[in-house]
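One file, my_file_11.pdb, is given below (PDB, C-alpha atoms).
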```pdb
ATOM      1  CA  MET K   1       0.000   0.000   0.000
ATOM      2  CA  THR K   2       1.311   3.434  -0.909
ATOM      3  CA  GLN K   3       2.007   5.604   2.110
ATOM      4  CA  THR K   4       1.100   9.275   2.115
ATOM      5  CA  PRO K   5       4.018  11.557   2.974
ATOM      6  CA  PRO K   6       3.185  13.817   5.913
ATOM      7  CA  GLU K   7       4.725  16.817   4.137
ATOM      8  CA  ILE K   8       2.059  16.837   1.469
ATOM      9  CA  GLY K   9      -0.932  15.192   3.098
ATOM     10  CA  ARG K  10      -3.918  15.481   0.825
ATOM     11  CA  ASN K  11      -1.841  17.034  -1.934
ATOM     12  CA  LEU K  12      -0.268  13.718  -2.925
ATOM     13  CA  ALA K  13      -1.545  14.240  -6.468
ATOM     14  CA  ASP K  14       0.225  17.610  -6.732
ATOM     15  CA  PRO K  15       3.498  16.913  -8.613
ATOM     16  CA  ALA K  16       5.185  20.020  -7.179
ATOM     17  CA  ASP K  17       4.504  18.966  -3.585
ATOM     18  CA  LEU K  18       5.496  15.395  -4.318
ATOM     19  CA  ALA K  19       8.755  16.577  -5.894
ATOM     20  CA  ALA K  20       9.463  18.701  -2.800
ATOM     21  CA  ALA K  21       8.893  15.688  -0.549
ATOM     22  CA  ILE K  22      11.325  13.668  -2.669
ATOM     23  CA  GLN K  23      14.038  16.305  -2.218
ATOM     24  CA  THR K  24      13.491  16.292   1.551
ATOM     25  CA  LEU K  25      13.772  12.503   1.735
ATOM     26  CA  LYS K  26      16.802  12.513  -0.520
ATOM     27  CA  LYS K  27      18.685  14.735   1.910
ATOM     28  CA  GLU K  28      17.614  12.649   4.899
ATOM     29  CA  ARG K  29      18.779   9.431   3.208
ATOM     30  CA  ARG K  30      22.010  10.983   1.908
ATOM     31  CA  ALA K  31      20.951   9.784  -1.505
ATOM     32  CA  ILE K  32      21.649  10.708  -5.101
ATOM     33  CA  ILE K  33      18.973  10.382  -7.780
ATOM     34  CA  LEU K  34      20.254   9.296 -11.192
ATOM     35  CA  ALA K  35      17.881   9.349 -14.165
ATOM     36  CA  HIS K  36      18.123   8.256 -17.755
ATOM     37  CA  TYR K  37      17.065  10.594 -20.550
ATOM     38  CA  TYR K  38      14.141   8.264 -21.308
ATOM     39  CA  GLN K  39      12.401   8.895 -17.981
ATOM     40  CA  ASP K  40       9.282  11.045 -17.605
ATOM     41  CA  ASP K  41       9.847  14.803 -17.490
ATOM     42  CA  ALA K  42       8.946  15.065 -13.792
ATOM     43  CA  ILE K  43      11.496  12.417 -12.840
ATOM     44  CA  GLN K  44      14.185  14.154 -14.895
ATOM     45  CA  ASP K  45      13.379  17.364 -13.017
ATOM     46  CA  SER K  46      13.809  15.555  -9.678
ATOM     47  CA  ALA K  47      17.153  13.985 -10.563
ATOM     48  CA  ASP K  48      20.587  15.136  -9.432
ATOM     49  CA  PHE K  49      22.089  13.876 -12.663
ATOM     50  CA  ILE K  50      20.580  12.966 -16.044
ATOM     51  CA  GLY K  51      22.519  11.038 -18.650
ATOM     52  CA  ASP K  52      22.870   8.111 -20.997
ATOM     53  CA  SER K  53      24.214   4.720 -19.948
ATOM     54  CA  LEU K  54      27.902   5.694 -20.107
ATOM     55  CA  GLU K  55      27.431   8.965 -18.249
ATOM     56  CA  LEU K  56      25.306   7.273 -15.588
ATOM     57  CA  SER K  57      27.873   4.490 -15.150
ATOM     58  CA  ARG K  58      30.606   7.051 -14.573
ATOM     59  CA  ARG K  59      28.491   8.956 -12.070
ATOM     60  CA  ALA K  60      27.536   5.749 -10.236
ATOM     61  CA  ALA K  61      31.213   4.789 -10.028
ATOM     62  CA  SER K  62      32.265   8.139  -8.566
ATOM     63  CA  THR K  63      29.415   9.089  -6.240
ATOM     64  CA  GLU K  64      30.002   9.492  -2.512
ATOM     65  CA  ALA K  65      26.296   9.208  -1.717
ATOM     66  CA  GLU K  66      25.248   6.435   0.648
ATOM     67  CA  VAL K  67      22.117   5.620  -1.368
ATOM     68  CA  ILE K  68      21.746   5.539  -5.158
ATOM     69  CA  VAL K  69      18.225   5.837  -6.528
ATOM     70  CA  PHE K  70      18.346   4.746 -10.148
ATOM     71  CA  CYS K  71      15.480   6.002 -12.259
ATOM     72  CA  GLY K  72      15.996   3.843 -15.285
ATOM     73  CA  VAL K  73      15.676   0.129 -15.902
ATOM     74  CA  HIS K  74      16.883  -2.952 -14.071
ATOM     75  CA  PHE K  75      20.228  -3.462 -15.821
ATOM     76  CA  MET K  76      21.190   0.151 -15.042
ATOM     77  CA  ALA K  77      20.510  -0.278 -11.340
ATOM     78  CA  GLU K  78      22.404  -3.584 -11.442
ATOM     79  CA  THR K  79      25.390  -1.792 -12.949
ATOM     80  CA  ALA K  80      25.325   0.757 -10.134
ATOM     81  CA  LYS K  81      25.248  -2.093  -7.580
ATOM     82  CA  ILE K  82      28.123  -3.876  -9.325
ATOM     83  CA  LEU K  83      30.179  -0.699  -8.972
ATOM     84  CA  ASN K  84      28.985   0.059  -5.408
ATOM     85  CA  PRO K  85      28.512  -3.202  -3.472
ATOM     86  CA  GLY K  86      28.531  -1.478  -0.109
ATOM     87  CA  LYS K  87      25.835   1.046  -0.994
ATOM     88  CA  THR K  88      22.077   0.773  -1.152
ATOM     89  CA  VAL K  89      20.834   0.906  -4.744
ATOM     90  CA  LEU K  90      17.113   1.510  -5.194
ATOM     91  CA  LEU K  91      14.986   1.095  -8.318
ATOM     92  CA  PRO K  92      11.505   2.649  -8.067
ATOM     93  CA  ASP K  93       9.922  -0.309  -9.900
ATOM     94  CA  LEU K  94      11.657  -3.699 -10.087
ATOM     95  CA  GLU K  95       9.524  -4.588 -13.105
ATOM     96  CA  ALA K  96      11.327  -1.919 -15.152
ATOM     97  CA  GLY K  97      13.218  -4.346 -17.356
ATOM     98  CA  CYS K  98      14.629  -4.229 -20.890
ATOM     99  CA  SER K  99      13.704  -6.174 -24.012
ATOM    100  CA  LEU K 100      17.377  -6.496 -24.953
ATOM    101  CA  ALA K 101      18.346  -7.946 -21.581
ATOM    102  CA  ASP K 102      15.316 -10.252 -21.540
ATOM    103  CA  ALA K 103      16.144 -11.584 -25.013
ATOM    104  CA  CYS K 104      19.653 -12.610 -23.945
ATOM    105  CA  PRO K 105      19.310 -15.101 -21.054
ATOM    106  CA  ALA K 106      22.571 -16.037 -19.382
ATOM    107  CA  ASP K 107      22.357 -19.787 -20.073
ATOM    108  CA  ALA K 108      21.648 -19.315 -23.792
ATOM    109  CA  PHE K 109      24.431 -16.740 -23.974
ATOM    110  CA  ALA K 110      26.838 -19.227 -22.379
ATOM    111  CA  ASP K 111      26.004 -21.729 -25.135
ATOM    112  CA  PHE K 112      26.557 -19.026 -27.753
ATOM    113  CA  ARG K 113      29.959 -18.206 -26.278
ATOM    114  CA  ARG K 114      30.972 -21.866 -26.250
ATOM    115  CA  ARG K 115      30.342 -22.013 -29.994
ATOM    116  CA  HIS K 116      32.780 -19.111 -30.481
ATOM    117  CA  PRO K 117      35.632 -19.907 -28.074
ATOM    118  CA  GLU K 118      38.269 -17.718 -29.741
ATOM    119  CA  HIS K 119      36.146 -14.565 -29.739
ATOM    120  CA  ILE K 120      36.553 -11.520 -27.543
ATOM    121  CA  VAL K 121      33.135 -11.023 -25.952
ATOM    122  CA  VAL K 122      31.874  -7.420 -26.093
ATOM    123  CA  SER K 123      28.483  -6.916 -24.476
ATOM    124  CA  TYR K 124      26.331  -3.830 -24.743
ATOM    125  CA  ILE K 125      25.523  -2.523 -21.282
ATOM    126  CA  ASN K 126      21.840  -3.335 -21.943
ATOM    127  CA  CYS K 127      22.213  -6.855 -20.554
ATOM    128  CA  SER K 128      21.917  -8.624 -17.222
ATOM    129  CA  ALA K 129      24.667  -8.861 -14.618
ATOM    130  CA  ALA K 130      24.916 -12.591 -15.398
ATOM    131  CA  VAL K 131      25.697 -11.813 -19.057
ATOM    132  CA  LYS K 132      28.133  -9.059 -18.082
ATOM    133  CA  ALA K 133      29.905 -11.638 -15.914
ATOM    134  CA  GLN K 134      30.561 -13.739 -19.053
ATOM    135  CA  SER K 135      31.920 -10.795 -21.040
ATOM    136  CA  ASP K 136      35.416  -9.502 -21.671
ATOM    137  CA  LEU K 137      34.327  -5.912 -22.203
ATOM    138  CA  ILE K 138      31.162  -3.861 -21.699
ATOM    139  CA  CYS K 139      30.289  -0.984 -24.013
ATOM    140  CA  THR K 140      27.580   1.628 -24.484
ATOM    141  CA  SER K 141      26.310   3.191 -27.683
ATOM    142  CA  SER K 142      28.493   6.211 -26.843
ATOM    143  CA  ASN K 143      31.785   4.313 -26.789
ATOM    144  CA  ALA K 144      31.200   1.033 -28.657
ATOM    145  CA  VAL K 145      33.021   2.031 -31.843
ATOM    146  CA  GLN K 146      35.945   3.524 -29.937
ATOM    147  CA  LEU K 147      36.334   0.411 -27.765
ATOM    148  CA  VAL K 148      36.056  -2.101 -30.611
ATOM    149  CA  GLN K 149      38.737  -0.208 -32.527
ATOM    150  CA  GLN K 150      41.101  -0.706 -29.571
ATOM    151  CA  LEU K 151      40.779  -4.509 -29.580
ATOM    152  CA  PRO K 152      43.496  -6.736 -31.125
ATOM    153  CA  ALA K 153      43.052  -6.946 -34.882
ATOM    154  CA  ASP K 154      43.865 -10.663 -34.952
ATOM    155  CA  ARG K 155      41.040 -11.654 -32.580
ATOM    156  CA  PRO K 156      37.425 -12.223 -33.704
ATOM    157  CA  ILE K 157      34.740 -10.367 -31.765
ATOM    158  CA  LEU K 158      31.378 -11.540 -30.479
ATOM    159  CA  PHE K 159      28.908  -8.688 -29.913
ATOM    160  CA  ALA K 160      25.704  -8.930 -27.878
ATOM    161  CA  PRO K 161      22.825  -8.413 -27.423
ATOM    162  CA  ASP K 162      21.768  -5.692 -29.928
ATOM    163  CA  GLN K 163      22.266  -6.752 -33.543
ATOM    164  CA  ASN K 164      21.314  -3.337 -34.943
ATOM    165  CA  LEU K 165      23.884  -1.555 -32.815
ATOM    166  CA  GLY K 166      26.359  -4.318 -33.662
ATOM    167  CA  ARG K 167      25.926  -3.830 -37.420
ATOM    168  CA  TRP K 168      26.495  -0.102 -37.042
ATOM    169  CA  VAL K 169      29.586  -0.648 -34.873
ATOM    170  CA  ALA K 170      30.975  -3.097 -37.444
ATOM    171  CA  ARG K 171      30.455  -0.564 -40.234
ATOM    172  CA  GLU K 172      31.973   2.339 -38.295
ATOM    173  CA  SER K 173      34.903   0.411 -36.817
ATOM    174  CA  GLY K 174      35.789  -1.671 -39.851
ATOM    175  CA  ARG K 175      35.738  -4.829 -37.737
ATOM    176  CA  GLU K 176      33.757  -7.982 -38.449
ATOM    177  CA  LEU K 177      31.463  -8.873 -35.552
ATOM    178  CA  THR K 178      29.574 -12.059 -34.740
ATOM    179  CA  LEU K 179      26.187 -10.826 -33.537
ATOM    180  CA  TRP K 180      23.713 -12.084 -30.974
ATOM    181  CA  PRO K 181      20.247 -11.656 -32.606
ATOM    182  CA  GLY K 182      18.643  -9.194 -30.153
ATOM    183  CA  SER K 183      16.910  -5.863 -30.684
ATOM    184  CA  CYS K 184      15.185  -3.058 -28.771
ATOM    185  CA  ILE K 185      11.379  -3.040 -28.963
ATOM    186  CA  VAL K 186      11.350   0.773 -29.055
ATOM    187  CA  HIS K 187      13.879   1.253 -31.843
ATOM    188  CA  GLU K 188      12.416  -1.593 -33.913
ATOM    189  CA  THR K 189       9.012   0.057 -34.253
ATOM    190  CA  PHE K 190       9.708   3.277 -36.168
ATOM    191  CA  SER K 191       7.884   3.589 -39.479
ATOM    192  CA  GLU K 192      10.056   4.090 -42.570
ATOM    193  CA  GLN K 193       7.053   5.394 -44.496
ATOM    194  CA  ALA K 194       6.337   7.984 -41.804
ATOM    195  CA  LEU K 195       9.996   9.024 -41.752
ATOM    196  CA  LEU K 196      10.012   9.530 -45.506
ATOM    197  CA  ARG K 197       6.817  11.565 -45.290
ATOM    198  CA  LEU K 198       8.300  13.779 -42.577
ATOM    199  CA  ARG K 199      11.414  14.351 -44.699
ATOM    200  CA  LEU K 200       9.247  15.459 -47.623
ATOM    201  CA  GLU K 201       7.169  17.764 -45.417
ATOM    202  CA  HIS K 202      10.213  19.233 -43.644
ATOM    203  CA  PRO K 203      13.169  19.232 -46.053
ATOM    204  CA  GLU K 204      15.055  21.635 -43.780
ATOM    205  CA  ALA K 205      15.032  19.133 -40.920
ATOM    206  CA  GLU K 206      18.006  16.963 -40.045
ATOM    207  CA  VAL K 207      17.259  13.281 -39.408
ATOM    208  CA  ILE K 208      19.054  12.056 -36.295
ATOM    209  CA  ALA K 209      18.918   8.427 -35.169
ATOM    210  CA  HIS K 210      20.079   6.134 -32.400
ATOM    211  CA  PRO K 211      22.198   3.202 -33.669
ATOM    212  CA  GLU K 212      19.744   0.720 -32.125
ATOM    213  CA  CYS K 213      17.439   1.533 -35.056
ATOM    214  CA  GLN K 214      17.196  -0.869 -37.975
ATOM    215  CA  GLN K 215      19.676  -0.474 -40.816
ATOM    216  CA  HIS K 216      17.159   0.783 -43.397
ATOM    217  CA  LEU K 217      16.319   3.670 -41.035
ATOM    218  CA  LEU K 218      19.956   4.444 -40.265
ATOM    219  CA  ASP K 219      20.560   4.656 -44.020
ATOM    220  CA  LEU K 220      18.125   7.579 -44.114
ATOM    221  CA  ALA K 221      19.711   9.451 -41.200
ATOM    222  CA  ASP K 222      21.923  12.523 -41.470
ATOM    223  CA  PHE K 223      23.474  11.858 -38.071
ATOM    224  CA  ILE K 224      23.721   8.685 -35.951
ATOM    225  CA  GLY K 225      24.721   8.696 -32.301
ATOM    226  CA  SER K 226      24.013   7.693 -28.734
ATOM    227  CA  THR K 227      21.325   9.443 -26.731
ATOM    228  CA  SER K 228      23.736  12.042 -25.364
ATOM    229  CA  LYS K 229      25.285  12.609 -28.800
ATOM    230  CA  LEU K 230      21.855  13.160 -30.325
ATOM    231  CA  LEU K 231      21.210  15.748 -27.636
ATOM    232  CA  GLN K 232      24.515  17.461 -28.390
ATOM    233  CA  ARG K 233      23.694  17.410 -32.114
ATOM    234  CA  THR K 234      20.505  19.416 -31.625
ATOM    235  CA  GLU K 235      22.559  22.006 -29.738
ATOM    236  CA  THR K 236      25.455  22.307 -32.172
ATOM    237  CA  SER K 237      23.917  21.754 -35.602
ATOM    238  CA  ALA K 238      22.820  24.768 -37.626
ATOM    239  CA  ALA K 239      19.678  22.908 -38.696
ATOM    240  CA  PRO K 240      16.481  24.655 -37.512
ATOM    241  CA  SER K 241      14.612  21.393 -36.953
ATOM    242  CA  PHE K 242      15.174  17.686 -36.370
ATOM    243  CA  ILE K 243      13.366  14.444 -37.061
ATOM    244  CA  VAL K 244      14.268  12.286 -34.076
ATOM    245  CA  LEU K 245      14.541   8.488 -34.211
ATOM    246  CA  THR K 246      14.867   7.420 -30.594
ATOM    247  CA  GLU K 247      12.813   7.157 -27.415
ATOM    248  CA  PRO K 248      10.899  10.458 -27.022
ATOM    249  CA  GLY K 249      11.962  11.091 -23.423
ATOM    250  CA  ILE K 250      15.108  12.775 -24.753
ATOM    251  CA  LEU K 251      13.002  15.435 -26.479
ATOM    252  CA  TYR K 252      12.373  17.060 -23.102
ATOM    253  CA  GLN K 253      16.061  17.877 -22.679
ATOM    254  CA  MET K 254      16.415  18.795 -26.350
ATOM    255  CA  ARG K 255      13.639  21.379 -26.021
ATOM    256  CA  ARG K 256      15.089  22.739 -22.792
ATOM    257  CA  ARG K 257      18.552  23.211 -24.257
ATOM    258  CA  SER K 258      17.480  24.359 -27.731
ATOM    259  CA  PRO K 259      14.088  26.040 -27.341
ATOM    260  CA  SER K 260      14.268  27.660 -30.772
ATOM    261  CA  LYS K 261      14.609  24.311 -32.554
ATOM    262  CA  THR K 262      11.622  22.306 -33.821
ATOM    263  CA  LEU K 263      11.521  18.567 -33.110
ATOM    264  CA  TYR K 264       9.472  15.923 -34.884
ATOM    265  CA  GLU K 265       8.783  12.450 -33.470
ATOM    266  CA  VAL K 266       8.591   9.558 -35.902
ATOM    267  CA  PRO K 267       5.514   7.388 -35.271
ATOM    268  CA  GLY K 268       5.552   3.620 -35.083
ATOM    269  CA  ALA K 269       4.865   1.261 -37.946
ATOM    270  CA  ASP K 270       1.247   0.945 -36.799
ATOM    271  CA  GLY K 271       0.759   4.703 -37.181
ATOM    272  CA  CYS K 272       0.792   5.310 -33.433
ATOM    273  CA  SER K 273       3.150   7.944 -32.088
ATOM    274  CA  CYS K 274       3.830   5.783 -29.053
ATOM    275  CA  ASN K 275       7.499   4.858 -29.033
ATOM    276  CA  ALA K 276       7.962   5.524 -25.327
ATOM    277  CA  CYS K 277       9.749   2.635 -23.644
ATOM    278  CA  PRO K 278       7.102   0.810 -21.573
ATOM    279  CA  TYR K 279       9.735  -0.323 -19.088
ATOM    280  CA  MET K 280      11.266   3.101 -18.513
ATOM    281  CA  ARG K 281       7.814   4.576 -17.942
ATOM    282  CA  LEU K 282       7.014   2.132 -15.123
ATOM    283  CA  ASN K 283       8.930   4.496 -12.850
ATOM    284  CA  THR K 284       6.761   7.354 -11.610
ATOM    285  CA  LEU K 285       7.222  10.314  -9.300
ATOM    286  CA  GLU K 286       5.114   8.605  -6.638
ATOM    287  CA  LYS K 287       7.165   5.404  -6.872
ATOM    288  CA  LEU K 288      10.328   7.492  -6.595
ATOM    289  CA  TRP K 289       9.033   9.019  -3.378
ATOM    290  CA  GLN K 290       7.905   5.646  -2.054
ATOM    291  CA  CYS K 291      11.245   3.924  -2.629
ATOM    292  CA  LEU K 292      13.016   6.692  -0.718
ATOM    293  CA  GLU K 293      10.454   6.495   2.076
ATOM    294  CA  THR K 294      10.640   2.693   2.448
ATOM    295  CA  MET K 295      14.210   2.189   1.163
ATOM    296  CA  ALA K 296      12.856  -0.493  -1.133
ATOM    297  CA  PRO K 297      13.017  -2.148  -3.567
ATOM    298  CA  ALA K 298      16.788  -2.502  -3.233
ATOM    299  CA  LEU K 299      19.014  -4.348  -5.683
ATOM    300  CA  GLU K 300      20.846  -7.421  -4.437
ATOM    301  CA  LEU K 301      23.354  -9.429  -6.479
ATOM    302  CA  ASP K 302      25.157 -12.711  -6.097
ATOM    303  CA  GLU K 303      28.670 -11.702  -5.026
ATOM    304  CA  ASP K 304      30.466 -14.041  -7.441
ATOM    305  CA  ILE K 305      28.486 -12.682 -10.380
ATOM    306  CA  ARG K 306      29.022  -9.124  -9.176
ATOM    307  CA  ARG K 307      32.798  -9.558  -9.019
ATOM    308  CA  GLN K 308      32.951 -11.181 -12.440
ATOM    309  CA  ALA K 309      30.732  -8.483 -13.968
ATOM    310  CA  LEU K 310      32.830  -5.727 -12.405
ATOM    311  CA  VAL K 311      35.912  -6.656 -14.462
ATOM    312  CA  PRO K 312      34.529  -5.817 -17.959
ATOM    313  CA  ILE K 313      32.751  -2.712 -16.646
ATOM    314  CA  GLU K 314      35.956  -1.351 -15.116
ATOM    315  CA  ARG K 315      37.760  -2.214 -18.339
ATOM    316  CA  MET K 316      35.184  -0.157 -20.251
ATOM    317  CA  LEU K 317      35.578   2.821 -17.946
ATOM    318  CA  ALA K 318      39.379   2.673 -18.222
ATOM    319  CA  MET K 319      39.380   2.319 -22.020
ATOM    320  CA  SER K 320      36.854   5.121 -22.541
ATOM    321  CA  ALA K 321      38.425   7.585 -20.088
TER     322      ALA K 321
END
```
What's the structure tokens form of this structure?
Amino acid sequence: MTQTPPEIGRNLADPADLAAAIQTLKKERRAIILAHYYQDDAIQDSADFIGDSLELSRRAASTEAEVIVFCGVHFMAETAKILNPGKTVLLPDLEAGCSLADACPADAFADFRRRHPEHIVVSYINCSAAVKAQSDLICTSSNAVQLVQQLPADRPILFAPDQNLGRWVARESGRELTLWPGSCIVHETFSEQALLRLRLEHPEAEVIAHPECQQHLLDLADFIGSTSKLLQRTETSAAPSFIVLTEPGILYQMRRRSPSKTLYEVPGADGCSCNACPYMRLNTLEKLWQCLETMAPALELDEDIRRQALVPIERMLAMSA
């Protein structure tokens, strides 16, 4: 049962009062609130730090806070716990998972690895701790190309779990990758027909896309980059408008930083402009307050898996410094 914070009493439905109560609890708990760009606007406003997976990993590794509240999805909170075993890591909703992580179960991944024994295993951070523990190196969409280019040229590379990102990394790095056949449910749903129509209607607009999108969509993009790089592009490009192929949560920060720019969302293949990640949006402002109030749900990891998963994450952070 949801408890009502005494600070706001009957005004629980008032987002401003709820946000104020969250800030009070955060100070009492000596906590830091980390949020991904794909979270709801109100959660982004309540966060101490907003970023993509690489930026959030760095902040989780360096924080001195006693409690980390991770407003994102399960693998992100797991990563924070891997880096901070002695700290409490909270996730507002434990059901906030990831289609990429779910589509790459650890036992099936182990079989896949056994079929490619000579390969260096590079895993996208969008995977479970158990898969990270079987990897040689973790990457994000921000640093994947850079990291793959640093690997020995005489060693084959296995890349998991996102095949779309993997194809893009192979093209950009010049390396051949053996791909696990996973994909993101959000980035798989954009409509090519709708994108083409938007380009015809707005020829001045620049098409920017996340590399998790399918190849035929990336072929139509003017710029491809991670979430944070797409945000930077809208700030630095001279284009007056942008057609954005990624989860729409990032548009909130794009509009804040570049209020004079016009942004267009690309609808899904079914004609619905509903490409919000259903897992990311399980976190709400009320759940954020509740997890700080109750100090639950907290992430717990098997210590052997945590230690094994820590090695490729630390390698990523060192190689991308």
K:Arg30, K:His116, K:Lys287, K:His36: which is nearest K:Ser228, counting only C-alpha atoms? K:His36
Written as number ranges by chain, which residues does the PyMOL selection byres ((chain K and resi 242-259) around 7) give for the file shown? K: 37-41, 186-187, 205-210, 231, 234-235, 241, 260-266, 275-277
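Residues matched by the PyMOL selection byres ((chain K and resi 292) around 10) in this file are Ala21, Ile22, Gln23, Thr24, Leu25, Lys26, Glu28, Arg29, Ala31, Ile33, Val67, Ile68, Val69, Leu90, Leu91, Pro92, Lys287, Leu288, Trp289, Gln290, Cys291, Glu293, Thr294, Met295, Ala296 and Pro297 of chain K.
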Restricting the calculation to all atoms listed in the file: of K:Pro161, K:Pro203, K:Gly166, K:Gly97, which residue gets closest to K:Val145?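 That would be K:Gly166, the residue with the smallest distance to K:Val145.
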Evaluating the PyMOL selection byres ((chain K and resi 300-315) around 7) on the displayed file yields which residues, as a list in words?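 Selected by the PyMOL selection byres ((chain K and resi 300-315) around 7) here: Ile82, Leu83, Ala129, Ala130, Lys132, Ala133, Ser135, Asp136, Leu137, Ile138, Ala298, Leu299, Met316, Leu317, Ala318 and Met319 of chain K.
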K:Ala35: which residues within 12 Å, counting all atoms listed in the file, same-chain residues fewer than 5 positions away excluded, as number ranges by chain? K: 40-53, 55-57, 59-60, 68-73, 76-77, 90-92, 249-250, 280-281, 283-285, 288
Between atom CA of K:Asn143 and atom CA of K:Ser123 - distance in Å to one decimal: 11.9 Å
One decimal, in Å: what's the spacing between atom CA of K:Glu286 and atom CA of K:Ala19? 8.8 Å
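Nearest to K:Tyr124 of all the residues K:Pro15, K:Asp102, K:Ala160, K:His74 is K:Ala160, counting all atoms listed in the file.
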Gap from atom CA of K:Thr140 to atom CA of K:Ala194 - Å, one decimal: 28.1 Å
Using all atoms listed in the file, which of K:Phe190, K:Trp180, K:Trp168, K:Phe223 sits nearest K:Pro211?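 For K:Pro211, the nearest of the given residues is K:Trp168.
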